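S.K.: Structure provided below as structure tokens; questions to follow.
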Amino acid sequence: MSIVLHWNDWLAMFGHFMILSLLSVGGAITTAPDMHRYLVDGEHWLTDTQFNASVAIAQAAPGPNVLFVALMGLHVGLNAGGPLTGLFGVFITMLGILLPSTTLTYLAASWGHRNRDLRGVRAFKQGMTPIVIALLVATGWILASANVTGLKDWPVALLTVVTALIVWRTRLHLLWLLGAGALLGWLGWI
Amino acid sequence: MNPSPDLSPDEKSARPQPQSLTDLFVSFTLLALQGFGGVLAVVQRELVEKKRWMTREEFVEEWAVAQIMPGPNVVNISLMIGHRYFGLPGAMAALAGMLTVPLAVVLLLALVYAQFAGHPGVAGALRGMGAVAAGLIAATGLKLMGALKTHPLGLPICITLAVLCFVGIALLRLPLVYVLLGLGVVACTLTWRKLRP
């Protein structure tokens with residue numbers, strides 16, 4: 001795929017990612033459907049395959065999942081030119097997706113830290129704890145059920161449950177578990 | 001009335017904390033590089049259980065803010081932890097640690113991915129790691145539940161709120177914003193009344 005991007009296109013993409021950044025409550029991945037709508041269906045700057053590969057590689061790689069945005073920028077840039085435009089795409093998309101949300105979080109966190117004894121601040125932080133804890137368990141559940149499409153997938157479900165129990169109850173290093181999961185998958189046992 | 005999780009300066013200096021901006025940068029780089037399929041489980045394990053920079057209760061409260069604000073949650077929490085110790089430079093150091101090296105790694109992976117994407121072993125390994133990553137995240141939630149024992153609302157109300165949240169998100173698949181707003185307003189209001197001075 002080969003495309004032509006002008007400065008106003010780069011600027012429009014930067015602006016679009018800045019808006020998505022402000023909407024990304026619950027993580028950048030929650031805005032992925034809109035990125036697909038914009039980059040793949042709307043502007044045709046990215047193919048479907050490149051979009052899916054960006055998400056899959058970032059999931060498999062170490063580090064925050066938001067890096068899938070960098071890979072989208074990379075692919076748009078590669079389509080528009082070469083490796084250097086690719087790196088420019090990484091810069092534009094990452095800055096766009098991070099600048100607004102991190103600025104806002106920084107301001108909110110420093111205000112909250114200065115006013116940490118206010119009743120409202122304590123009520124907010126403590127009040128939200130049962131909900132955000134349950135949200136983590138729910139996220140694990142959703143991720144696990146994406147792997148399980150029927151009864152035949154019981155080994156995958158079992159692996160997730162056993163992992164959760166081991167991490168909850170023991171101090172075994174997390175990399176051992178990931179390695180074991182990769183090995184079981186490589187051998188085709190799950 | 002519960003004790004405030006924020007300690008006095010004396011108590012704070014007695015606890016382990018990052019020594020320098022370099023320490024923050026290196027610590028967060030190492031955290032991020034261990035986080036396959038999500039960094040949160042590693043952040044909790046390393047900062048709360050191993051380095052003991054923060055208690056379980058403090059971690060959950062910071063996590064609540066990181067979750068509510070827009071943006072990637074682990075990026076938000078690294079920024080907030082860095083800010084706690086060294087202000088704006090700390091926030092930048094933690095953020096840079098979380099992103100710089102992992103970004104280089106993911107770009108390299110994207111270059112080699114094309115060659116191996118079709119290999120059945122690679123596809124299987126990714127599937128296995130995905131299943132483990134789901135378990136890691138769920139276990140992090142289960143571990144943090146201990147922090148609810150000292151919650152001002154008491155355990156029964158906390159568990160009710162947690163179960164409602166789980167049902168809404170995991171089973172009914174309601175949009176996150178509605179669940180956070182709906183249950184959040186109830187939970188914060190109830191807590192606010194309990195904290196009456």
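Ordered as shown in the structure tokens, chains take letters A, B, and onward, while each chain numbers its residues from 1 and ligands are numbered from 1 in the order shown.
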For range 56-163 of chain B versus range 121-140 of chain A, which residues have an atom no more than 12 Å away, and what is each residue's nearest atom pair and distance in Å rounded to one decimal, using only C-alpha atoms, chain-then-number order, as a Markdown table?
M.R.:
```
| residue | atom | partner | partner_atom | distance |
| --- | --- | --- | --- | --- |
| B:Arg56 | CA | A:Thr129 | CA | 11.1 |
| B:Glu57 | CA | A:Thr129 | CA | 8.8 |
| B:Glu58 | CA | A:Lys125 | CA | 9.5 |
| B:Phe59 | CA | A:Thr129 | CA | 9.8 |
| B:Val60 | CA | A:Thr129 | CA | 6.1 |
| B:Glu61 | CA | A:Lys125 | CA | 5.1 |
| B:Glu62 | CA | A:Lys125 | CA | 7.5 |
| B:Trp63 | CA | A:Val132 | CA | 7.6 |
| B:Ala64 | CA | A:Val132 | CA | 5.9 |
| B:Val65 | CA | A:Lys125 | CA | 6.9 |
| B:Ala66 | CA | A:Val132 | CA | 10.0 |
| B:Gln67 | CA | A:Val132 | CA | 7.4 |
| B:Ile68 | CA | A:Val132 | CA | 9.0 |
| B:Asn73 | CA | A:Val132 | CA | 11.4 |
| B:Gly130 | CA | A:Gly140 | CA | 10.3 |
| B:Ala131 | CA | A:Gly140 | CA | 9.2 |
| B:Val132 | CA | A:Gly140 | CA | 9.7 |
| B:Ala133 | CA | A:Gly140 | CA | 7.9 |
| B:Ala134 | CA | A:Gly140 | CA | 4.4 |
| B:Gly135 | CA | A:Gly140 | CA | 6.0 |
| B:Leu136 | CA | A:Gly140 | CA | 7.5 |
| B:Ile137 | CA | A:Gly140 | CA | 5.2 |
| B:Ala138 | CA | A:Val137 | CA | 4.1 |
| B:Ala139 | CA | A:Val137 | CA | 7.2 |
| B:Thr140 | CA | A:Leu136 | CA | 7.1 |
| B:Gly141 | CA | A:Leu136 | CA | 5.0 |
| B:Leu142 | CA | A:Val137 | CA | 6.9 |
| B:Lys143 | CA | A:Ile133 | CA | 9.0 |
| B:Leu144 | CA | A:Ile133 | CA | 6.6 |
| B:Met145 | CA | A:Ile133 | CA | 6.7 |
| B:Gly146 | CA | A:Ile133 | CA | 10.1 |
| B:Ala147 | CA | A:Thr129 | CA | 8.5 |
| B:Leu148 | CA | A:Pro130 | CA | 6.9 |
| B:Lys149 | CA | A:Pro130 | CA | 10.5 |
| B:Thr150 | CA | A:Gln126 | CA | 10.2 |
| B:His151 | CA | A:Gln126 | CA | 7.2 |
| B:Pro152 | CA | A:Gln126 | CA | 8.0 |
| B:Leu153 | CA | A:Gly127 | CA | 8.3 |
| B:Gly154 | CA | A:Pro130 | CA | 10.7 |
| B:Leu155 | CA | A:Pro130 | CA | 9.6 |
| B:Pro156 | CA | A:Pro130 | CA | 10.9 |
| B:Ile157 | CA | A:Pro130 | CA | 9.1 |
| B:Cys158 | CA | A:Pro130 | CA | 5.6 |
| B:Ile159 | CA | A:Pro130 | CA | 7.2 |
| B:Thr160 | CA | A:Pro130 | CA | 8.9 |
| B:Leu161 | CA | A:Pro130 | CA | 6.4 |
| B:Ala162 | CA | A:Ala134 | CA | 4.9 |
| B:Val163 | CA | A:Ala134 | CA | 7.0 |
```
S.K.: Keeping only C-alpha atoms, write the selected residues as a PDB file, in the first residue's frame.
M.R.:
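File produced: out17.pdb:
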```
ATOM      1  CA  ARG B  56      -1.448  -2.112  49.093  1.00  0.00           C
ATOM      2  CA  GLU B  57      -3.985   0.514  50.224  1.00  0.00           C
ATOM      3  CA  GLU B  58      -1.992   3.414  48.735  1.00  0.00           C
ATOM      4  CA  PHE B  59      -1.559   1.485  45.509  1.00  0.00           C
ATOM      5  CA  VAL B  60      -5.292   0.885  45.103  1.00  0.00           C
ATOM      6  CA  GLU B  61      -6.078   4.541  45.748  1.00  0.00           C
ATOM      7  CA  GLU B  62      -3.542   5.703  43.155  1.00  0.00           C
ATOM      8  CA  TRP B  63      -4.875   3.064  40.794  1.00  0.00           C
ATOM      9  CA  ALA B  64      -8.397   4.452  41.236  1.00  0.00           C
ATOM     10  CA  VAL B  65      -7.208   7.858  40.015  1.00  0.00           C
ATOM     11  CA  ALA B  66      -5.133   6.348  37.173  1.00  0.00           C
ATOM     12  CA  GLN B  67      -8.200   4.405  36.064  1.00  0.00           C
ATOM     13  CA  ILE B  68     -10.622   7.340  36.138  1.00  0.00           C
ATOM     14  CA  ASN B  73      -3.669   3.319  33.103  1.00  0.00           C
ATOM     15  CA  GLY B 130      -2.578 -14.392  26.353  1.00  0.00           C
ATOM     16  CA  ALA B 131      -4.241 -16.928  28.640  1.00  0.00           C
ATOM     17  CA  VAL B 132      -1.555 -16.412  31.296  1.00  0.00           C
ATOM     18  CA  ALA B 133      -1.820 -12.612  31.003  1.00  0.00           C
ATOM     19  CA  ALA B 134      -5.579 -12.817  31.657  1.00  0.00           C
ATOM     20  CA  GLY B 135      -4.871 -14.826  34.815  1.00  0.00           C
ATOM     21  CA  LEU B 136      -2.236 -12.310  35.979  1.00  0.00           C
ATOM     22  CA  ILE B 137      -4.666  -9.406  35.780  1.00  0.00           C
ATOM     23  CA  ALA B 138      -7.470 -11.260  37.540  1.00  0.00           C
ATOM     24  CA  ALA B 139      -5.035 -12.339  40.295  1.00  0.00           C
ATOM     25  CA  THR B 140      -3.909  -8.744  40.818  1.00  0.00           C
ATOM     26  CA  GLY B 141      -7.524  -7.828  41.499  1.00  0.00           C
ATOM     27  CA  LEU B 142      -7.937 -10.776  43.881  1.00  0.00           C
ATOM     28  CA  LYS B 143      -4.804  -9.782  45.805  1.00  0.00           C
ATOM     29  CA  LEU B 144      -5.850  -6.160  46.166  1.00  0.00           C
ATOM     30  CA  MET B 145      -9.158  -7.278  47.704  1.00  0.00           C
ATOM     31  CA  GLY B 146      -7.275  -7.536  50.998  1.00  0.00           C
ATOM     32  CA  ALA B 147      -7.159  -3.740  50.980  1.00  0.00           C
ATOM     33  CA  LEU B 148     -10.962  -3.675  51.401  1.00  0.00           C
ATOM     34  CA  LYS B 149     -10.724  -5.058  54.959  1.00  0.00           C
ATOM     35  CA  THR B 150      -9.849  -1.600  56.299  1.00  0.00           C
ATOM     36  CA  HIS B 151     -12.329   0.234  54.051  1.00  0.00           C
ATOM     37  CA  PRO B 152     -14.610   2.761  55.818  1.00  0.00           C
ATOM     38  CA  LEU B 153     -17.743   1.230  54.242  1.00  0.00           C
ATOM     39  CA  GLY B 154     -17.096  -2.194  55.757  1.00  0.00           C
ATOM     40  CA  LEU B 155     -16.605  -5.458  53.944  1.00  0.00           C
ATOM     41  CA  PRO B 156     -20.252  -6.357  53.071  1.00  0.00           C
ATOM     42  CA  ILE B 157     -20.965  -3.085  51.236  1.00  0.00           C
ATOM     43  CA  CYS B 158     -17.574  -3.218  49.478  1.00  0.00           C
ATOM     44  CA  ILE B 159     -18.213  -6.760  48.278  1.00  0.00           C
ATOM     45  CA  THR B 160     -21.690  -5.801  47.036  1.00  0.00           C
ATOM     46  CA  LEU B 161     -20.244  -2.898  45.018  1.00  0.00           C
ATOM     47  CA  ALA B 162     -17.455  -5.105  43.658  1.00  0.00           C
ATOM     48  CA  VAL B 163     -19.862  -7.864  42.602  1.00  0.00           C
TER      49      VAL B 163
END
```
S.K.: Tell me, as a PyMOL selection string, which residues lie within 7 Å of Gly97 in chain B, counting only C-alpha atoms; anything in the same chain fewer than 5 positions away does not count.
M.R.: chain B and resi 25-26+28-29
S.K.: Write out as an MDAnalysis selection string each polymer residue whose atoms come within 7 Å of Gly38 in chain B, counting only C-alpha atoms; drop sequence neighbours fewer than 4 positions from it.
M.R.: chainID A and resid 63:65
S.K.: For CA of Val25 in chain A and CA of Leu165 in chain A, determine how far apart the two atoms are, in Å to one decimal place.
M.R.: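 CA of Val25 in chain A sits 28.8 Å away from CA of Leu165 in chain A.
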S.K.: Would you kindly return, as a list of chain:residue names, each protein, DNA or RNA residue with an atom no farther than 7 Å from any atom of Trp53 in chain B, considering only C-alpha atoms and excluding same-chain residues fewer than 2 positions away?
M.R.: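 The filter keeps B:Pro16, B:Gln17, B:Leu47, B:Val48, B:Lys51.
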S.K.: Would you kindly return, as a PDB file with C-alpha atoms, in the first residue's frame, each protein, DNA or RNA residue with an atom no farther than 10 Å from any atom of Tyr85 in chain B, considering only C-alpha atoms and excluding same-chain residues fewer than 2 positions away?
M.R.:
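Writing the result to selection02.pdb gives the following:
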```pdb
ATOM      1  CA  GLN B  17      11.617   4.813  48.340  1.00  0.00           C
ATOM      2  CA  PRO B  18      13.308   5.536  45.007  1.00  0.00           C
ATOM      3  CA  GLN B  19      16.786   6.998  45.546  1.00  0.00           C
ATOM      4  CA  SER B  20      17.060   9.174  42.445  1.00  0.00           C
ATOM      5  CA  LEU B  21      15.568   9.959  39.073  1.00  0.00           C
ATOM      6  CA  LEU B  24      12.946   5.657  38.979  1.00  0.00           C
ATOM      7  CA  TRP B  53       7.579   1.875  47.940  1.00  0.00           C
ATOM      8  CA  MET B  80       1.722   9.607  39.534  1.00  0.00           C
ATOM      9  CA  ILE B  81       4.233   7.489  41.438  1.00  0.00           C
ATOM     10  CA  GLY B  82       7.144   9.448  39.962  1.00  0.00           C
ATOM     11  CA  HIS B  83       5.418  12.688  40.933  1.00  0.00           C
ATOM     12  CA  GLY B  87       7.579  16.167  41.455  1.00  0.00           C
ATOM     13  CA  LEU B  88       7.528  16.913  37.729  1.00  0.00           C
ATOM     14  CA  PRO B  89      11.056  15.544  37.026  1.00  0.00           C
ATOM     15  CA  GLY B  90      10.051  12.314  38.788  1.00  0.00           C
ATOM     16  CA  ALA B  91       6.896  12.039  36.713  1.00  0.00           C
TER      17      ALA B  91
END
```
S.K.: Hey, which of A:Ala182, A:Val167, A:Ala144, A:Val4 ends up closest to His44 in chain A? Count only C-alpha atoms.
M.R.: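 The answer is A:Val4, which sits nearest to His44 in chain A.
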S.K.: Find, counting only C-alpha atoms, the residue in A:Leu46, A:Leu177, A:Ile29, A:Val55 that gets nearest to His75 in chain A.
M.R.: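 Distance minimum relative to His75 in chain A lands on A:Leu46.
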S.K.: Determine the nearest neighbour of Leu178 in chain A from the options B:Leu31, B:Leu126, B:Ile169, B:Leu181, counting only C-alpha atoms.
M.R.: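 With only C-alpha atoms as the atom set, the closest residue is B:Leu126.
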S.K.: When distances are computed from only C-alpha atoms, which of A:Ser101, A:Thr85, A:Asn8, A:Ser145 shows the smallest separation from chain B?
M.R.: A:Ser101
S.K.: What gap, in Å, lies between CA of Leu20 in chain A and CA of His113 in chain A?
M.R.: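 Computed distance, CA of Leu20 in chain A to CA of His113 in chain A, equals 26.5 Å.
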S.K.: I'd like to know which of A:Arg119, A:Ala60, A:Ser21, A:Tyr106 is closest to Ala125 in chain B, using only C-alpha atoms.
M.R.: A:Ala60
S.K.: Which one of A:Leu95, A:Val148, A:Val162, A:Leu74 sits closest to Gly15 in chain A if you count only C-alpha atoms?
M.R.: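 Between A:Leu95, A:Val148, A:Val162, A:Leu74, the residue approaching Gly15 in chain A most closely is A:Leu95.
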S.K.: Just the residues within 7 Å of Gly27 in chain A, please, counting only C-alpha atoms, with nothing from its chain fewer than 4 positions along; format it as a PyMOL selection string.
M.R.: chain B and resi 70-73
S.K.: With N, CA and C atoms kept, could you save the residues just selected as a CSV table (one decimal), in the first residue's frame?
M.R.:
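Just written: selection_32.csv:
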```
chain,number,residue,atom,x,y,z
B,70,PRO,N,-8.4,9.9,31.8
B,70,PRO,CA,-8.2,9.3,30.4
B,70,PRO,C,-6.7,8.9,30.3
B,71,GLY,N,-6.5,8.1,29.3
B,71,GLY,CA,-5.1,7.7,29.0
B,71,GLY,C,-4.8,6.3,29.5
B,72,PRO,N,-3.7,5.7,29.0
B,72,PRO,CA,-3.3,4.3,29.5
B,72,PRO,C,-3.1,4.3,31.0
B,73,ASN,N,-3.7,3.3,31.6
B,73,ASN,CA,-3.7,3.3,33.1
B,73,ASN,C,-2.3,3.2,33.7
```
S.K.: If we count only C-alpha atoms, what is near Gly73 in chain A at a cut-off of 9 Å, once residues fewer than 2 positions away on the same chain are taken out, given as a list of chain:residue names?
M.R.: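 Here the answer would be A:Phe68, A:Val69, A:Ala70, A:Leu71, A:His75, A:Val76, A:Gly77, A:Leu78, A:Gly86, A:Leu87, A:Phe88, A:Gly89, A:Val90, A:Phe91, A:Ile92, A:Thr93, A:Met94.
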S.K.: By how many Å are CA of Cys165 in chain B and CA of Ile166 in chain A apart?
M.R.: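 Result for CA of Cys165 in chain B versus CA of Ile166 in chain A: 24.2 Å, one decimal.
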